[in-house]
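> So here's data38.txt, just compact mmCIF, C-alpha atoms:
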# COMPACT_ATOMS: atom_id res chain seq x y z
CA MET A 1254 78.32 71.82 -20.14
CA GLY A 1255 75.18 69.72 -20.09
CA ALA A 1256 73.70 67.25 -22.53
CA SER A 1257 71.27 69.84 -23.90
CA ASP A 1258 74.13 72.27 -24.65
CA GLU A 1259 75.98 69.55 -26.52
CA GLN A 1260 72.83 68.66 -28.47
CA ASP A 1261 72.33 72.34 -29.41
CA ARG A 1262 75.93 72.56 -30.65
CA GLU A 1263 75.48 69.42 -32.76
CA ASP A 1264 72.22 70.77 -34.18
CA ARG A 1265 73.89 74.01 -35.27
CA GLU A 1266 76.88 72.28 -36.87
CA GLY A 1267 75.13 69.26 -38.35
CA TRP A 1268 73.51 70.70 -41.48
CA LEU A 1269 74.33 69.63 -45.04
CA THR A 1270 73.78 71.43 -48.32
CA THR A 1271 72.06 69.75 -51.26
CA ALA A 1272 75.45 69.12 -52.90
CA GLU A 1273 76.66 67.30 -49.78
CA VAL A 1274 73.46 65.25 -49.64
CA ARG A 1275 74.00 64.27 -53.29
CA GLU A 1276 77.39 62.83 -52.32
CA ILE A 1277 75.86 60.80 -49.48
CA TRP A 1278 72.87 59.65 -51.57
CA PRO A 1279 74.40 58.83 -55.00
CA GLN A 1280 71.53 56.45 -55.74
CA ILE A 1281 68.97 59.30 -55.65
CA ARG A 1282 68.41 61.56 -58.64
CA PRO A 1283 69.42 65.18 -57.89
CA SER A 1284 65.96 66.46 -58.80
CA SER A 1285 64.38 64.08 -56.27
CA ILE A 1286 66.44 64.90 -53.18
CA ARG A 1287 63.84 67.21 -51.65
CA ALA A 1288 61.02 64.72 -52.21
CA VAL A 1289 62.99 61.80 -50.77
CA ALA A 1290 64.04 63.89 -47.77
CA ARG A 1291 60.43 64.94 -47.14
CA ALA A 1292 59.11 61.37 -47.54
CA ASN A 1293 61.67 60.03 -45.06
CA SER A 1294 61.24 62.78 -42.43
CA VAL A 1295 64.63 64.45 -42.85
CA ARG A 1296 64.68 67.73 -40.94
CA THR A 1297 65.40 70.82 -43.04
CA SER A 1298 66.58 74.22 -41.90
CA GLY A 1299 64.65 77.39 -42.64
CA ALA A 1300 67.86 79.42 -42.39
CA PRO A 1301 69.69 80.36 -45.59
CA SER A 1302 72.27 77.83 -46.67
CA PRO A 1303 75.97 78.68 -46.36
CA ASP A 1304 76.33 79.25 -50.12
CA LEU A 1305 73.48 81.84 -50.04
CA THR A 1306 71.19 79.88 -52.35
CA ARG A 1307 67.53 79.32 -51.60
CA GLU A 1308 68.05 75.58 -51.27
CA PRO A 1309 67.32 74.10 -47.86
CA THR A 1310 69.95 72.52 -45.68
CA TYR A 1311 69.38 69.02 -44.34
CA HIS A 1312 70.09 67.62 -40.89
CA ALA A 1313 73.22 65.47 -41.14
CA ALA A 1314 72.12 62.74 -38.72
CA ASP A 1315 68.80 62.33 -40.55
CA VAL A 1316 70.56 62.18 -43.93
CA ARG A 1317 72.92 59.47 -42.70
CA ARG A 1318 70.02 57.52 -41.16
CA VAL A 1319 68.12 57.62 -44.45
CA ALA A 1320 71.29 56.68 -46.39
CA ALA A 1321 71.51 53.49 -44.34
CA ARG A 1322 67.82 52.80 -44.97
CA ILE A 1323 68.31 53.39 -48.73
CA ASP A 1324 71.18 50.88 -48.74
CA ARG A 1325 69.00 48.31 -46.99
CA GLY A 1326 66.05 49.05 -49.31
CA GLU A 1327 63.81 50.22 -46.46
CA ALA A 1328 63.58 53.93 -47.32
CA ASP A 1329 60.50 55.47 -48.90
CA VAL A 1330 61.88 56.00 -52.42
CA ALA A 1331 59.87 55.65 -55.62
CA PRO A 1332 61.56 53.74 -58.48
CA TRP A 1333 61.71 56.82 -60.71
CA GLN A 1334 63.53 58.74 -57.93
CA ARG A 1335 66.44 56.32 -57.96
CA ALA A 1336 69.32 57.12 -60.30
CA ASP A 1337 70.10 53.42 -60.73
CA SER A 1338 66.63 52.24 -61.83
CA ASP A 1339 65.32 51.53 -65.31
CA ALA A 1340 62.50 54.03 -64.79
CA ALA A 1341 64.99 56.81 -64.02
CA ARG A 1342 67.10 55.97 -67.08
CA ALA A 1343 64.02 56.01 -69.30
CA ASP A 1344 62.88 59.30 -67.78
CA ALA A 1345 66.33 60.88 -68.05
CA THR A 1346 66.67 60.08 -71.75
CA PRO A 1347 63.27 60.73 -73.30
CA SER A 1348 62.75 60.03 -76.93
CA PRO A 1349 62.53 63.06 -79.21
CA PRO A 1350 59.02 64.41 -79.75
CA VAL A 1351 57.25 63.26 -82.88
CA ARG A 1352 56.28 66.16 -85.13
CA GLN A 1353 52.75 65.91 -86.41
CA PRO A 1354 52.21 66.99 -90.02
CA ILE A 1355 49.90 69.94 -90.63
CA ARG A 1356 46.56 68.79 -91.92
CA TRP A 1357 44.21 71.09 -93.75
CA GLY A 1358 41.14 69.28 -92.58
CA PRO A 1359 37.86 70.41 -91.08
CA ASP A 1360 39.56 71.44 -87.82
CA ASN A 1361 41.22 74.41 -89.54
CA VAL A 1362 38.22 75.65 -91.58
CA PRO A 1363 36.77 78.08 -88.97
CA GLY A 1364 40.18 79.66 -88.42
CA LEU A 1365 40.78 80.02 -92.13
CA ILE A 1366 37.36 81.64 -92.66
CA LEU A 1367 38.06 84.12 -89.85
CA LEU A 1368 41.47 84.92 -91.32
CA ALA A 1369 39.95 85.50 -94.78
CA ILE A 1370 37.31 87.86 -93.30
CA VAL A 1371 39.90 89.88 -91.36
CA VAL A 1372 42.24 90.22 -94.36
CA GLY A 1373 39.28 91.11 -96.60
CA LEU A 1374 38.10 93.84 -94.21
CA ILE A 1375 41.58 95.34 -94.01
CA LEU A 1376 41.97 95.39 -97.79
CA TRP A 1377 38.46 96.81 -98.30
CA GLY A 1378 39.18 99.55 -95.76
CA LEU A 1379 42.40 100.51 -97.51
CA THR A 1380 40.72 100.80 -100.90
CA ALA A 1381 37.80 102.99 -99.77
CA PRO A 1382 37.68 106.29 -101.77
CA ASP A 1383 37.43 108.55 -98.71
CA ASN A 1384 40.29 106.91 -96.82
CA PRO A 1385 43.14 109.43 -96.48
CA GLY A 1386 45.44 106.66 -95.28
CA THR A 1387 45.88 104.99 -98.68
CA GLY A 1388 48.47 107.50 -99.85
CA THR A 1389 46.88 107.93 -103.30
CA VAL A 1390 45.72 111.52 -102.76
CA PHE A 1391 48.72 113.76 -102.16
CA VAL A 1392 47.18 117.19 -102.85
CA ARG A 1393 43.63 118.38 -102.30
Now, as a test, write the supplied structure out as structure tokens.


Amino acid sequence: MGASDEQDREDREGWLTTAEVREIWPQIRPSSIRAVARANSVRTSGAPSPDLTREPTYHAADVRRVAARIDRGEADVAPWQRADSDAARADATPSPPVRQPIRWGPDNVPGLILLAIVVGLILWGLTAPDNPGTGTVFVR
């Protein structure tokens, strides 16, 4: 068995799922794992993952190499991608949206005029004397 055969065997066996990468990279937010892997040149497999999801599998040696670089602070990781940063905490717990009150100002006037015209046309059409759809003439 040669060195290339051993390398092929390691390549086939050395793939990690996203859940396994999360365990190795606890400092990285789960939603940022793909981006961090791509930015740090982690090889991914095009084959389906063992759990039959569409998530890629990551090369184990590359993941461990990047984990060491993350620990040393040398990896290409944005502050908001880190689970232990202030930016990630602020992004993970957004403030509730502020509801704006409805204002009946000049912005709504064209829509209100159009609504009044449409309702007026419908009512005018229902009250026309030759309209059999009004239900007022039962027998002719």

> With all atoms listed in the file as the counted atoms, please give the residues lying no more than 12 Å from Ala1290 of chain A, apart from itself and same-chain residues fewer than 5 positions off, as a list in words.

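Neighbouring residues, sequence-local ones excluded: Thr1271, Val1274, Arg1275, Trp1278, Ile1281, Arg1282, Pro1283, Ser1284, Ser1285, Val1295, Arg1296, Thr1297, Pro1309, Thr1310, Tyr1311, His1312, Ala1313, Asp1315, Val1316, Arg1317, Arg1318, Val1319, Ala1320, Ile1323, Ala1328, Asp1329, Val1330 and Gln1334 of chain A.
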
> When you draw a straight line from atom CA of Gly1299 of chain A to atom CA of Thr1270 of chain A, how long is it in Å?

12.3 Å

> What does the structure give for the distance between atom CA of Ser1298 of chain A and atom CA of Gly1267 of chain A, in Å to one decimal?

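Between these atoms lies a distance of 10.5 Å.
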
> Give me, please, the distance in Å between atom CA of Ala1331 of chain A and atom CA of Glu1273 of chain A, quoted to one decimal.

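Distance between the two atoms: 21.3 Å.
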
> Kindly indicate which residue among A:Arg1335, A:Trp1268, A:Ala1314, A:Asp1324 lies nearest to Ala1288 of chain A, using all atoms listed in the file for the distances.

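Of all the options, A:Arg1335 lies closest to Ala1288 of chain A.
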
> Could you put an axis-aligned box around every listed atom of segment 1353-1369 of chain A, padded by 3 Å on each side, and send me its centre and edge lengths in Å to one decimal, as lines of an AutoDock Vina configuration file?


center_x = 44.8
center_y = 75.7
center_z = -90.6
size_x = 22.0
size_y = 25.6
size_z = 14.4

> Under the rule that all atoms listed in the file are counted, which of A:Val1351, A:Ile1286, A:Ala1272, A:Leu1379 is the nearest residue to Ala1336 of chain A?

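With all atoms listed in the file as the atom set, the closest residue is A:Ile1286.
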